[in-house]
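File shown: target.pdb (PDB, C-alpha atoms).
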```pdb
ATOM      1  CA  MET A   1      20.714 -31.267   7.623
ATOM      2  CA  ALA A   2      19.651 -27.688   7.817
ATOM      3  CA  LYS A   3      16.146 -26.843   6.821
ATOM      4  CA  ILE A   4      14.488 -23.528   6.094
ATOM      5  CA  VAL A   5      11.320 -23.000   8.076
ATOM      6  CA  GLY A   6       9.007 -20.067   8.074
ATOM      7  CA  ASP A   7       5.949 -18.776   9.782
ATOM      8  CA  VAL A   8       3.309 -16.315   8.767
ATOM      9  CA  VAL A   9       1.373 -14.245  11.290
ATOM     10  CA  ILE A  10      -2.113 -13.281  10.153
ATOM     11  CA  ASN A  11      -3.625 -10.007  11.313
ATOM     12  CA  VAL A  12      -7.157 -11.350  11.306
ATOM     13  CA  GLU A  13      -8.991  -8.047  11.657
ATOM     14  CA  ARG A  14      -7.241  -6.477   8.638
ATOM     15  CA  CYS A  15      -7.980  -9.449   6.347
ATOM     16  CA  LYS A  16     -10.735  -9.009   3.754
ATOM     17  CA  GLY A  17     -10.743 -12.621   2.590
ATOM     18  CA  CYS A  18      -9.889 -11.855  -1.045
ATOM     19  CA  GLY A  19      -7.889 -15.079  -1.391
ATOM     20  CA  VAL A  20      -5.137 -13.568  -3.529
ATOM     21  CA  CYS A  21      -2.453 -14.772  -1.085
ATOM     22  CA  VAL A  22      -3.795 -18.327  -1.429
ATOM     23  CA  THR A  23      -2.871 -18.311  -5.127
ATOM     24  CA  GLY A  24       0.589 -16.912  -4.373
ATOM     25  CA  CYS A  25       1.644 -19.551  -1.814
ATOM     26  CA  PRO A  26       3.913 -22.237  -3.353
ATOM     27  CA  LYS A  27       3.320 -24.667  -0.445
ATOM     28  CA  ASP A  28      -0.479 -24.331  -0.153
ATOM     29  CA  VAL A  29      -0.110 -23.168   3.429
ATOM     30  CA  LEU A  30      -2.911 -20.624   3.284
ATOM     31  CA  THR A  31      -6.595 -21.093   2.702
ATOM     32  CA  LEU A  32      -9.747 -19.149   3.426
ATOM     33  CA  GLY A  33     -11.297 -20.285   6.695
ATOM     34  CA  LYS A  34     -14.893 -20.856   7.702
ATOM     35  CA  GLU A  35     -14.819 -18.364  10.583
ATOM     36  CA  VAL A  36     -15.443 -14.679  10.000
ATOM     37  CA  ASN A  37     -13.749 -11.646  11.502
ATOM     38  CA  GLY A  38     -15.332  -8.480  12.898
ATOM     39  CA  LYS A  39     -16.187  -7.211   9.434
ATOM     40  CA  GLY A  40     -17.749 -10.494   8.355
ATOM     41  CA  TYR A  41     -14.972 -11.597   6.009
ATOM     42  CA  ASN A  42     -13.787 -15.214   5.863
ATOM     43  CA  PHE A  43     -10.235 -14.447   6.844
ATOM     44  CA  VAL A  44      -7.244 -16.472   5.703
ATOM     45  CA  VAL A  45      -5.930 -19.312   7.895
ATOM     46  CA  LYS A  46      -3.058 -21.798   7.758
ATOM     47  CA  GLN A  47      -3.850 -25.384   6.783
ATOM     48  CA  ASN A  48      -0.378 -26.954   7.193
ATOM     49  CA  ASP A  49       3.030 -26.193   8.691
ATOM     50  CA  GLU A  50       5.086 -26.288   5.483
ATOM     51  CA  CYS A  51       5.693 -22.539   5.347
ATOM     52  CA  ILE A  52       9.171 -21.686   4.012
ATOM     53  CA  GLY A  53       8.945 -17.975   4.726
ATOM     54  CA  CYS A  54       9.206 -16.907   1.073
ATOM     55  CA  ALA A  55       6.877 -13.946   1.741
ATOM     56  CA  ASN A  56       5.150 -14.371  -1.634
ATOM     57  CA  CYS A  57       1.801 -14.161   0.151
ATOM     58  CA  ALA A  58       2.745 -10.913   1.857
ATOM     59  CA  MET A  59       4.060  -9.498  -1.423
ATOM     60  CA  ILE A  60       0.633  -9.669  -3.079
ATOM     61  CA  CYS A  61      -1.596  -9.120  -0.042
ATOM     62  CA  PRO A  62      -3.427  -5.853  -0.746
ATOM     63  CA  ASP A  63      -4.172  -5.159   2.907
ATOM     64  CA  VAL A  64      -0.802  -5.775   4.614
ATOM     65  CA  VAL A  65      -2.335  -8.566   6.689
ATOM     66  CA  LEU A  66       0.698 -10.818   6.867
ATOM     67  CA  THR A  67       3.979 -10.713   8.745
ATOM     68  CA  VAL A  68       6.531 -13.328   7.712
ATOM     69  CA  TYR A  69       9.406 -14.938   9.626
ATOM     70  CA  ARG A  70      12.082 -17.259   8.248
ATOM     71  CA  THR A  71      15.017 -19.063   9.785
ATOM     72  CA  LYS A  72      17.294 -22.056   9.288
ATOM     73  CA  ILE A  73      17.055 -24.939  11.768
ATOM     74  CA  GLU A  74      19.334 -27.957  12.186
ATOM     75  CA  GLU A  75      17.676 -31.345  12.186
TER      76      GLU A  75
ATOM     77  CA  MET B   1      -8.547 -17.652  19.315
ATOM     78  CA  SER B   2      -6.017 -20.468  19.021
ATOM     79  CA  GLU B   3      -3.853 -20.372  15.958
ATOM     80  CA  ALA B   4      -3.272 -23.557  14.016
ATOM     81  CA  PHE B   5       0.194 -24.570  12.770
ATOM     82  CA  ALA B   6       1.913 -21.679  14.510
ATOM     83  CA  ARG B   7       5.675 -21.675  15.118
ATOM     84  CA  PRO B   8       6.028 -19.125  17.893
ATOM     85  CA  GLU B   9       9.663 -20.144  18.495
ATOM     86  CA  ILE B  10      10.824 -18.514  15.239
ATOM     87  CA  ARG B  11       8.814 -15.303  15.626
ATOM     88  CA  LYS B  12      11.796 -13.171  16.562
ATOM     89  CA  PRO B  13      12.799  -9.795  15.145
ATOM     90  CA  LYS B  14      15.994 -11.256  13.658
ATOM     91  CA  ASN B  15      13.973 -13.796  11.655
ATOM     92  CA  ASN B  16      11.519 -11.242  10.333
ATOM     93  CA  VAL B  17      11.552 -11.110   6.542
ATOM     94  CA  PHE B  18       8.380  -9.124   5.965
ATOM     95  CA  LYS B  19       6.387  -6.692   8.053
ATOM     96  CA  LYS B  20       4.280  -3.612   7.472
ATOM     97  CA  THR B  21       6.495  -0.656   6.668
ATOM     98  CA  LYS B  22       6.352   2.337   9.011
ATOM     99  CA  VAL B  23       5.542   4.634   6.066
ATOM    100  CA  LEU B  24       2.070   3.076   5.962
ATOM    101  CA  THR B  25      -0.261   4.099   8.771
ATOM    102  CA  ASP B  26      -2.259   1.575  10.792
ATOM    103  CA  ASN B  27      -5.528   2.564   9.101
ATOM    104  CA  VAL B  28      -7.278  -0.307   7.350
ATOM    105  CA  LEU B  29      -7.446   0.412   3.636
ATOM    106  CA  HIS B  30     -10.930   1.192   2.367
ATOM    107  CA  TYR B  31     -10.407  -0.577  -0.968
ATOM    108  CA  CYS B  32     -12.473  -3.570  -2.025
ATOM    109  CA  PRO B  33     -11.033  -6.997  -1.160
ATOM    110  CA  GLY B  34      -8.292  -7.951  -3.608
ATOM    111  CA  CYS B  35      -7.832  -4.489  -5.111
ATOM    112  CA  GLY B  36      -4.390  -3.769  -6.544
ATOM    113  CA  HIS B  37      -4.354  -0.303  -4.975
ATOM    114  CA  GLY B  38      -3.362  -1.787  -1.617
ATOM    115  CA  VAL B  39      -0.332  -3.519  -3.094
ATOM    116  CA  VAL B  40       0.814  -0.408  -4.957
ATOM    117  CA  HIS B  41       0.376   1.715  -1.817
ATOM    118  CA  ARG B  42       2.561  -0.724   0.068
ATOM    119  CA  LEU B  43       5.225  -0.868  -2.648
ATOM    120  CA  VAL B  44       5.473   2.927  -2.798
ATOM    121  CA  ALA B  45       5.688   3.094   1.001
ATOM    122  CA  GLU B  46       8.383   0.397   1.094
ATOM    123  CA  VAL B  47      10.463   2.228  -1.515
ATOM    124  CA  ILE B  48      10.162   5.476   0.465
ATOM    125  CA  ASP B  49      11.173   3.606   3.613
ATOM    126  CA  GLU B  50      14.145   1.851   1.986
ATOM    127  CA  MET B  51      15.433   5.079   0.450
ATOM    128  CA  GLY B  52      15.069   6.863   3.792
ATOM    129  CA  ILE B  53      13.114   9.760   2.285
ATOM    130  CA  GLN B  54      10.005   9.650   4.461
ATOM    131  CA  GLU B  55      10.562  13.225   5.701
ATOM    132  CA  LYS B  56      11.384  14.506   2.222
ATOM    133  CA  THR B  57       8.531  13.027   0.195
ATOM    134  CA  ILE B  58       5.298  14.758  -0.799
ATOM    135  CA  GLY B  59       2.557  12.688  -2.381
ATOM    136  CA  ILE B  60      -0.373  13.946  -4.429
ATOM    137  CA  ALA B  61      -3.636  12.064  -3.952
ATOM    138  CA  PRO B  62      -6.030  12.005  -6.922
ATOM    139  CA  VAL B  63      -9.786  11.904  -7.239
ATOM    140  CA  GLY B  64     -10.967   8.339  -7.690
ATOM    141  CA  CYS B  65     -10.695   5.238  -5.562
ATOM    142  CA  ALA B  66      -7.344   6.435  -4.193
ATOM    143  CA  VAL B  67      -8.835   9.768  -3.103
ATOM    144  CA  MET B  68      -8.092   8.936   0.524
ATOM    145  CA  ALA B  69      -4.516   7.788  -0.079
ATOM    146  CA  TYR B  70      -3.413  10.469   2.406
ATOM    147  CA  ASN B  71      -4.979   8.372   5.165
ATOM    148  CA  TYR B  72      -2.571   5.527   4.499
ATOM    149  CA  PHE B  73       0.792   7.169   3.802
ATOM    150  CA  ASP B  74       2.622   8.571   6.799
ATOM    151  CA  ILE B  75       4.166  11.336   4.686
ATOM    152  CA  ASP B  76       3.083  14.819   3.594
ATOM    153  CA  MET B  77       0.199  14.485   1.163
ATOM    154  CA  GLN B  78      -1.857  16.948  -0.835
ATOM    155  CA  GLU B  79      -5.215  16.330  -2.459
ATOM    156  CA  ALA B  80      -5.543  17.585  -6.040
ATOM    157  CA  ALA B  81      -8.610  18.609  -8.004
ATOM    158  CA  HIS B  82      -9.799  15.897 -10.381
ATOM    159  CA  GLY B  83      -7.052  15.167 -12.891
ATOM    160  CA  ARG B  84      -4.849  18.073 -11.822
ATOM    161  CA  ALA B  85      -2.325  16.068  -9.809
ATOM    162  CA  PRO B  86       0.561  16.575 -12.303
ATOM    163  CA  ALA B  87      -0.052  20.338 -12.287
ATOM    164  CA  LEU B  88      -0.005  20.394  -8.492
ATOM    165  CA  ALA B  89       3.099  18.190  -8.456
ATOM    166  CA  THR B  90       4.760  20.649 -10.844
ATOM    167  CA  ALA B  91       4.050  23.506  -8.465
ATOM    168  CA  ILE B  92       5.263  21.654  -5.388
ATOM    169  CA  LYS B  93       8.419  20.363  -7.054
ATOM    170  CA  ARG B  94       9.300  23.831  -8.360
ATOM    171  CA  MET B  95       8.690  25.441  -4.976
ATOM    172  CA  LEU B  96      10.524  22.721  -3.034
ATOM    173  CA  PRO B  97      13.028  21.196  -5.473
ATOM    174  CA  GLU B  98      14.819  19.206  -2.761
ATOM    175  CA  LYS B  99      11.659  17.218  -1.980
ATOM    176  CA  PHE B 100      10.579  13.994  -3.685
ATOM    177  CA  VAL B 101       7.188  14.490  -5.302
ATOM    178  CA  PHE B 102       4.967  11.759  -6.694
ATOM    179  CA  THR B 103       1.412  11.645  -7.949
ATOM    180  CA  TYR B 104      -0.783   8.599  -7.549
ATOM    181  CA  GLN B 105      -3.596   8.534 -10.109
ATOM    182  CA  GLY B 106      -6.148   6.198 -11.595
ATOM    183  CA  ASP B 107      -7.169   5.931 -15.219
ATOM    184  CA  GLY B 108     -10.270   8.098 -14.856
ATOM    185  CA  ASP B 109      -8.142  10.809 -13.281
ATOM    186  CA  LEU B 110      -5.000  10.647 -15.402
ATOM    187  CA  ALA B 111      -6.282   9.417 -18.750
ATOM    188  CA  ALA B 112      -9.685  11.148 -18.922
ATOM    189  CA  ILE B 113     -10.183  14.474 -17.177
ATOM    190  CA  GLY B 114      -6.470  14.975 -16.547
ATOM    191  CA  THR B 115      -5.154  14.125 -20.011
ATOM    192  CA  ALA B 116      -4.035  17.689 -20.725
ATOM    193  CA  GLU B 117      -2.264  18.114 -17.383
ATOM    194  CA  THR B 118      -0.563  14.739 -17.765
ATOM    195  CA  ILE B 119       0.662  15.310 -21.290
ATOM    196  CA  HIS B 120       1.894  18.847 -20.631
ATOM    197  CA  ALA B 121       3.582  17.964 -17.347
ATOM    198  CA  VAL B 122       5.407  15.110 -19.088
ATOM    199  CA  ASN B 123       6.219  17.266 -22.092
ATOM    200  CA  ARG B 124       7.740  19.928 -19.849
ATOM    201  CA  GLY B 125       9.910  17.218 -18.306
ATOM    202  CA  GLU B 126       8.964  18.028 -14.719
ATOM    203  CA  LYS B 127      11.133  16.134 -12.233
ATOM    204  CA  ILE B 128       8.294  14.130 -10.714
ATOM    205  CA  VAL B 129       7.134  10.532 -10.450
ATOM    206  CA  ILE B 130       3.696   9.664 -11.827
ATOM    207  CA  ILE B 131       2.159   6.384 -10.687
ATOM    208  CA  PHE B 132      -0.796   5.468 -12.851
ATOM    209  CA  ILE B 133      -3.172   2.667 -11.864
ATOM    210  CA  ASN B 134      -5.015   1.380 -14.918
ATOM    211  CA  ASN B 135      -7.967  -0.917 -14.319
ATOM    212  CA  GLY B 136      -9.935   0.021 -17.410
ATOM    213  CA  ILE B 137     -12.962   1.300 -15.555
ATOM    214  CA  TYR B 138     -14.234   4.054 -13.279
ATOM    215  CA  GLY B 139     -14.206   1.927 -10.129
ATOM    216  CA  MET B 140     -15.220   4.449  -7.487
ATOM    217  CA  THR B 141     -18.339   5.785  -9.169
ATOM    218  CA  GLY B 142     -19.833   2.414 -10.063
ATOM    219  CA  GLY B 143     -17.956   0.843 -12.954
ATOM    220  CA  GLN B 144     -18.635   3.249 -15.804
ATOM    221  CA  MET B 145     -16.684   3.105 -19.066
ATOM    222  CA  ALA B 146     -13.293   4.823 -18.941
ATOM    223  CA  PRO B 147     -11.056   5.843 -21.872
ATOM    224  CA  THR B 148      -8.943   2.796 -21.081
ATOM    225  CA  THR B 149     -11.863   0.325 -21.185
ATOM    226  CA  LEU B 150     -11.087  -2.505 -23.590
ATOM    227  CA  LYS B 151     -12.959  -3.112 -26.827
ATOM    228  CA  GLY B 152     -16.092  -5.163 -26.149
ATOM    229  CA  MET B 153     -15.732  -4.878 -22.372
ATOM    230  CA  PRO B 154     -19.088  -4.524 -20.625
ATOM    231  CA  THR B 155     -19.376  -1.731 -18.060
ATOM    232  CA  SER B 156     -22.391  -0.083 -16.456
ATOM    233  CA  THR B 157     -22.483   2.587 -19.198
ATOM    234  CA  SER B 158     -21.615   0.168 -22.003
ATOM    235  CA  PRO B 159     -23.688  -2.864 -20.959
ATOM    236  CA  TYR B 160     -23.345  -4.541 -24.366
ATOM    237  CA  GLY B 161     -19.589  -4.007 -24.436
ATOM    238  CA  ARG B 162     -17.550  -1.069 -25.695
ATOM    239  CA  ASP B 163     -18.434  -0.474 -29.345
ATOM    240  CA  ILE B 164     -15.491   1.108 -31.155
ATOM    241  CA  GLN B 165     -17.739   2.790 -33.767
ATOM    242  CA  THR B 166     -19.693   4.817 -31.258
ATOM    243  CA  MET B 167     -17.509   4.875 -28.157
ATOM    244  CA  GLY B 168     -14.030   5.180 -29.608
ATOM    245  CA  ASN B 169     -10.865   3.212 -29.105
ATOM    246  CA  PRO B 170      -9.215   2.423 -25.782
ATOM    247  CA  LEU B 171      -6.472   4.908 -24.969
ATOM    248  CA  LYS B 172      -2.886   3.734 -24.467
ATOM    249  CA  ILE B 173      -1.756   6.868 -22.688
ATOM    250  CA  THR B 174       1.484   5.262 -21.507
ATOM    251  CA  GLU B 175       2.678   4.723 -25.088
ATOM    252  CA  LEU B 176       1.493   8.257 -25.840
ATOM    253  CA  VAL B 177       3.536   9.943 -23.117
ATOM    254  CA  ALA B 178       6.565   7.765 -23.916
ATOM    255  CA  GLN B 179       6.860   9.653 -27.220
ATOM    256  CA  LEU B 180       7.318  12.984 -25.451
ATOM    257  CA  PRO B 181      10.881  14.237 -24.949
ATOM    258  CA  GLY B 182      10.279  15.095 -21.292
ATOM    259  CA  ALA B 183       9.604  11.481 -20.331
ATOM    260  CA  TYR B 184      12.738   9.864 -18.908
ATOM    261  CA  TYR B 185      11.444   6.508 -17.713
ATOM    262  CA  VAL B 186       8.163   4.962 -18.825
ATOM    263  CA  THR B 187       7.164   1.463 -17.863
ATOM    264  CA  ARG B 188       4.116  -0.741 -17.461
ATOM    265  CA  GLN B 189       3.909  -3.190 -14.579
ATOM    266  CA  SER B 190       1.356  -5.225 -12.674
ATOM    267  CA  VAL B 191       1.074  -6.427  -9.080
ATOM    268  CA  HIS B 192      -1.120  -9.536  -9.264
ATOM    269  CA  THR B 193       1.654 -12.102  -8.710
ATOM    270  CA  PRO B 194       4.692 -11.995  -6.391
ATOM    271  CA  VAL B 195       7.091 -11.794  -9.354
ATOM    272  CA  ASN B 196       5.234  -8.894 -10.939
ATOM    273  CA  ALA B 197       4.916  -7.107  -7.606
ATOM    274  CA  ARG B 198       8.679  -7.325  -7.066
ATOM    275  CA  LYS B 199       9.311  -6.005 -10.582
ATOM    276  CA  ALA B 200       6.879  -3.162  -9.961
ATOM    277  CA  LYS B 201       8.699  -2.306  -6.748
ATOM    278  CA  ASN B 202      12.011  -2.150  -8.610
ATOM    279  CA  ALA B 203      10.407   0.119 -11.199
ATOM    280  CA  ILE B 204       9.063   2.443  -8.492
ATOM    281  CA  LYS B 205      12.491   2.524  -6.865
ATOM    282  CA  LYS B 206      14.138   3.353 -10.171
ATOM    283  CA  ALA B 207      11.622   6.156 -10.662
ATOM    284  CA  PHE B 208      12.430   7.756  -7.308
ATOM    285  CA  GLU B 209      16.165   7.370  -8.012
ATOM    286  CA  ASN B 210      15.657   9.140 -11.338
ATOM    287  CA  GLN B 211      14.009  11.968  -9.461
ATOM    288  CA  ALA B 212      16.981  12.133  -7.072
ATOM    289  CA  LYS B 213      19.244  12.507 -10.122
ATOM    290  CA  GLY B 214      17.043  15.313 -11.432
ATOM    291  CA  CYS B 215      15.965  13.537 -14.616
ATOM    292  CA  GLY B 216      12.587  14.086 -16.255
ATOM    293  CA  VAL B 217       9.259  12.462 -15.590
ATOM    294  CA  SER B 218       9.203   8.840 -14.491
ATOM    295  CA  PHE B 219       5.856   7.383 -15.479
ATOM    296  CA  ILE B 220       4.813   4.004 -14.074
ATOM    297  CA  GLU B 221       1.605   2.417 -15.242
ATOM    298  CA  VAL B 222       0.351  -0.443 -13.087
ATOM    299  CA  VAL B 223      -2.248  -2.588 -14.841
ATOM    300  CA  SER B 224      -4.568  -3.484 -12.009
ATOM    301  CA  ASN B 225      -7.847  -5.205 -11.364
ATOM    302  CA  CYS B 226     -11.250  -3.881 -10.378
ATOM    303  CA  ASN B 227     -13.114  -6.931  -9.214
ATOM    304  CA  SER B 228     -16.151  -4.933  -8.076
ATOM    305  CA  GLY B 229     -16.415  -3.066 -11.378
ATOM    306  CA  TRP B 230     -15.668  -6.137 -13.436
ATOM    307  CA  LYS B 231     -18.159  -8.168 -11.369
ATOM    308  CA  LEU B 232     -15.671 -10.977 -10.694
ATOM    309  CA  SER B 233     -14.099 -12.507  -7.606
ATOM    310  CA  PRO B 234     -10.606 -11.142  -6.791
ATOM    311  CA  VAL B 235      -8.816 -14.257  -8.015
ATOM    312  CA  LYS B 236     -10.982 -14.519 -11.148
ATOM    313  CA  ALA B 237     -10.409 -10.807 -11.815
ATOM    314  CA  ASN B 238      -6.654 -11.378 -11.830
ATOM    315  CA  GLU B 239      -7.091 -14.244 -14.301
ATOM    316  CA  TRP B 240      -9.354 -12.091 -16.479
ATOM    317  CA  MET B 241      -6.743  -9.346 -16.384
ATOM    318  CA  GLU B 242      -4.017 -11.733 -17.562
ATOM    319  CA  GLN B 243      -6.170 -13.002 -20.418
ATOM    320  CA  ASN B 244      -7.685  -9.716 -21.584
ATOM    321  CA  MET B 245      -5.796  -6.688 -20.278
ATOM    322  CA  PHE B 246      -2.223  -7.864 -20.880
ATOM    323  CA  PRO B 247      -2.599  -8.567 -24.635
ATOM    324  CA  PHE B 248      -3.684  -4.944 -25.121
ATOM    325  CA  TYR B 249      -1.535  -3.427 -22.359
ATOM    326  CA  PRO B 250       1.686  -5.473 -22.603
ATOM    327  CA  LEU B 251       3.935  -5.320 -19.543
ATOM    328  CA  GLY B 252       7.495  -4.105 -19.658
ATOM    329  CA  ASP B 253       9.668  -1.028 -20.013
ATOM    330  CA  ILE B 254       8.753   1.367 -22.815
ATOM    331  CA  LYS B 255      11.338   4.075 -22.265
ATOM    332  CA  VAL B 256      14.467   3.709 -20.134
ATOM    333  CA  ASP B 257      16.923   6.564 -19.446
ATOM    334  CA  GLY B 258      15.255   8.720 -22.074
ATOM    335  CA  GLU B 259      15.569   6.101 -24.850
ATOM    336  CA  LEU B 260      12.601   4.270 -26.319
ATOM    337  CA  VAL B 261      13.105   0.517 -25.951
ATOM    338  CA  LYS B 262       9.822  -0.634 -27.449
TER     339      LYS B 262
END
```

Could you show the structure in this file as structure tokens?
Amino acid sequence: MAKIVGDVVINVERCKGCGVCVTGCPKDVLTLGKEVNGKGYNFVVKQNDECIGCANCAMICPDVVLTVYRTKIEE
Amino acid sequence: MSEAFARPEIRKPKNNVFKKTKVLTDNVLHYCPGCGHGVVHRLVAEVIDEMGIQEKTIGIAPVGCAVMAYNYFDIDMQEAAHGRAPALATAIKRMLPEKFVFTYQGDGDLAAIGTAETIHAVNRGEKIVIIFINNGIYGMTGGQMAPTTLKGMPTSTSPYGRDIQTMGNPLKITELVAQLPGAYYVTRQSVHTPVNARKAKNAIKKAFENQAKGCGVSFIEVVSNCNSGWKLSPVKANEWMEQNMFPFYPLGDIKVDGELVK
């Protein structure tokens, strides 16, 4: 059966750790991490591999941190 | 730094569904974390990119938080005096009628010091796009009360909340300009959820298409947050906005194709 999988690439240095993308993700993929970036913000990290590539997170990210990929794979 | 849960095998250009548009520069936005300005900047840039009008678009930056918008758009930009963006847009559009001209203004710029310029530019039916970010506060200068501040809302100059008796009523300038014959498309959107952001993008696209057709003013209000001015976290600010801003500033189209719909 075909399955939609996605991946989100996080531009760590652009992230300001606002957490708005976390609320937009339907699969709870994103969360704010414990590490900080060069500006001292707790940047967003992935906590599971359930991303479906819907790009909801990127749609509401104010700082254009995220790049989203999506494809269909056969299982 | 190792990246957890990465799927490098699908990171190919053909699988890309979202990336930063080339109309935005690589500069990191100076806005506070979670500010709606960043989303609206991106939506405007994406619309310009999708319509293929990057070389033909002139933006007008306001005074306010978005004063440095010209750093982020890779298009021709002009900085206006405080509140005078619609007047400057009028001049540019009349001089260069084949260009796409938009202004990008906040509520302190458009609804306070620039009220006269806004109303007269709309009334004249100038063929421009006005993008109005309403967060009910003067964000850049430290969270003072704006004309659009809600009743009872505490700000640094109304610490006990806005008192209608002494400080007046909040101004719904979008409903005001919708009454003018020069307004062709007037709508109110928000960008705090993916659905609303997509709707706002469609509205911005429609506004630029109206300008291509030579119709009157397209006026897009985006109800946005100001988590620094409101003294809330970004996510809490969005919730506060839903509970308090939207009942007073209801989302939706107000005037479409020159006809009032609300």

- Task: Could you list the residues in chain B lying within 8 Å of chain A, using only C-alpha atoms, and format the result as a ChimeraX atom specification?
- Result: /B:4-7,10-12,15-20,28-29,33-39,42,191-194,197-198,233-235

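Shell of Val12 (chain A) at 8 Å, with all atoms listed in the file counted and residues fewer than 4 places along the chain excluded, is Asn37, Phe43, Val44 and Val65 of chain A.
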
- Just how far from CA of Leu180 (chain B) is CA of Val44 (chain B), in Å to one decimal? 24.9 Å

- Which residues match the PyMOL selection byres ((chain B and resi 141) around 12) in the file above, as a PyMOL selection string? chain B and resi 63-65+67+108+137-140+142-146+155-157+228-229

Please enclose the listed atoms of region 40-52 of chain A in an axis-aligned box, pad each side by 8 Å, and write out the centre and the three edge lengths in Å, rounded to one decimal, as AutoDock Vina command-line options.
```
--center_x -4.3 --center_y -18.7 --center_z 6.4 --size_x 42.9 --size_y 32.5 --size_z 20.7
```

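One finds CA of Val177 (chain B) at 27.4 Å from CA of Ala237 (chain B).
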
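For the structure in this document, the set picked by the PyMOL selection byres ((chain B and resi 97) around 12) is Lys56, Thr57, Ile58, Ala89, Thr90, Ala91, Ile92, Lys93, Arg94, Met95, Leu96, Glu98, Lys99, Phe100, Val101, Glu126, Lys127, Ile128, Gln211, Ala212, Lys213 and Gly214 of chain B.
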
Do a neighbour search on His120 (chain B) at 9 Å with all atoms listed in the file, toss out local chain neighbours closer than 5 positions, and write the hits as an mmCIF file with C-alpha atoms, in the frame of the given file.
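Dumped everything to around_3.cif:
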```
data_model
loop_
_atom_site.group_PDB
_atom_site.id
_atom_site.type_symbol
_atom_site.label_atom_id
_atom_site.label_comp_id
_atom_site.auth_asym_id
_atom_site.auth_seq_id
_atom_site.Cartn_x
_atom_site.Cartn_y
_atom_site.Cartn_z
ATOM 1 C CA PRO B 86 0.561 16.575 -12.303
ATOM 2 C CA ALA B 87 -0.052 20.338 -12.287
ATOM 3 C CA THR B 115 -5.154 14.125 -20.011
ATOM 4 C CA GLY B 125 9.910 17.218 -18.306
#
```

- Could you state the separation of CA of Pro170 (chain B) and CA of Thr148 (chain B) in Å, given to one decimal place? 4.7 Å

- Message: On this structure, the PyMOL selection byres ((chain B and resi 111) around 12) would catch which residues? List them as a ChimeraX atom specification, sorted by chain and number.
- Response: /B:82-86,105-110,112-119,132-138,146-149,170-177,221

So which residues touch Pro250 (chain B) within 12 Å, counting all atoms listed in the file, skipping near sequence neighbours fewer than 2 positions away, as an mmCIF file with C-alpha atoms, keeping the file's coordinate frame?
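And here is the file that came out, out.cif:
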```
data_model
loop_
_atom_site.group_PDB
_atom_site.id
_atom_site.type_symbol
_atom_site.label_atom_id
_atom_site.label_comp_id
_atom_site.auth_asym_id
_atom_site.auth_seq_id
_atom_site.Cartn_x
_atom_site.Cartn_y
_atom_site.Cartn_z
ATOM 1 C CA LYS B 172 -2.886 3.734 -24.467
ATOM 2 C CA THR B 174 1.484 5.262 -21.507
ATOM 3 C CA GLU B 175 2.678 4.723 -25.088
ATOM 4 C CA THR B 187 7.164 1.463 -17.863
ATOM 5 C CA ARG B 188 4.116 -0.741 -17.461
ATOM 6 C CA GLN B 189 3.909 -3.190 -14.579
ATOM 7 C CA SER B 190 1.356 -5.225 -12.674
ATOM 8 C CA GLU B 221 1.605 2.417 -15.242
ATOM 9 C CA VAL B 222 0.351 -0.443 -13.087
ATOM 10 C CA VAL B 223 -2.248 -2.588 -14.841
ATOM 11 C CA MET B 241 -6.743 -9.346 -16.384
ATOM 12 C CA GLU B 242 -4.017 -11.733 -17.562
ATOM 13 C CA GLN B 243 -6.170 -13.002 -20.418
ATOM 14 C CA ASN B 244 -7.685 -9.716 -21.584
ATOM 15 C CA MET B 245 -5.796 -6.688 -20.278
ATOM 16 C CA PHE B 246 -2.223 -7.864 -20.880
ATOM 17 C CA PRO B 247 -2.599 -8.567 -24.635
ATOM 18 C CA PHE B 248 -3.684 -4.944 -25.121
ATOM 19 C CA GLY B 252 7.495 -4.105 -19.658
ATOM 20 C CA ASP B 253 9.668 -1.028 -20.013
ATOM 21 C CA ILE B 254 8.753 1.367 -22.815
ATOM 22 C CA LYS B 262 9.822 -0.634 -27.449
#
```

Regenerate region 34-40 of chain A at the level of N, CA and C atoms and dump it as a PDB file, in the frame of the given file.
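What ended up in result.pdb:
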```pdb
ATOM      1  N   LYS A  34     -13.434 -20.890   7.602  1.00  0.00           N
ATOM      2  CA  LYS A  34     -14.893 -20.856   7.702  1.00  0.00           C
ATOM      3  C   LYS A  34     -15.350 -19.794   8.684  1.00  0.00           C
ATOM      4  N   GLU A  35     -14.452 -19.398   9.614  1.00  0.00           N
ATOM      5  CA  GLU A  35     -14.819 -18.364  10.583  1.00  0.00           C
ATOM      6  C   GLU A  35     -14.783 -16.989   9.919  1.00  0.00           C
ATOM      7  N   VAL A  36     -15.466 -16.042  10.523  1.00  0.00           N
ATOM      8  CA  VAL A  36     -15.443 -14.679  10.000  1.00  0.00           C
ATOM      9  C   VAL A  36     -14.858 -13.746  11.062  1.00  0.00           C
ATOM     10  N   ASN A  37     -14.303 -12.631  10.576  1.00  0.00           N
ATOM     11  CA  ASN A  37     -13.749 -11.646  11.502  1.00  0.00           C
ATOM     12  C   ASN A  37     -14.803 -10.577  11.794  1.00  0.00           C
ATOM     13  N   GLY A  38     -14.392  -9.510  12.475  1.00  0.00           N
ATOM     14  CA  GLY A  38     -15.332  -8.480  12.898  1.00  0.00           C
ATOM     15  C   GLY A  38     -16.093  -7.816  11.768  1.00  0.00           C
ATOM     16  N   LYS A  39     -15.512  -7.826  10.582  1.00  0.00           N
ATOM     17  CA  LYS A  39     -16.187  -7.211   9.434  1.00  0.00           C
ATOM     18  C   LYS A  39     -17.028  -8.217   8.664  1.00  0.00           C
ATOM     19  N   GLY A  40     -16.957  -9.481   9.047  1.00  0.00           N
ATOM     20  CA  GLY A  40     -17.749 -10.494   8.355  1.00  0.00           C
ATOM     21  C   GLY A  40     -17.036 -11.143   7.187  1.00  0.00           C
TER      22      GLY A  40
END
```
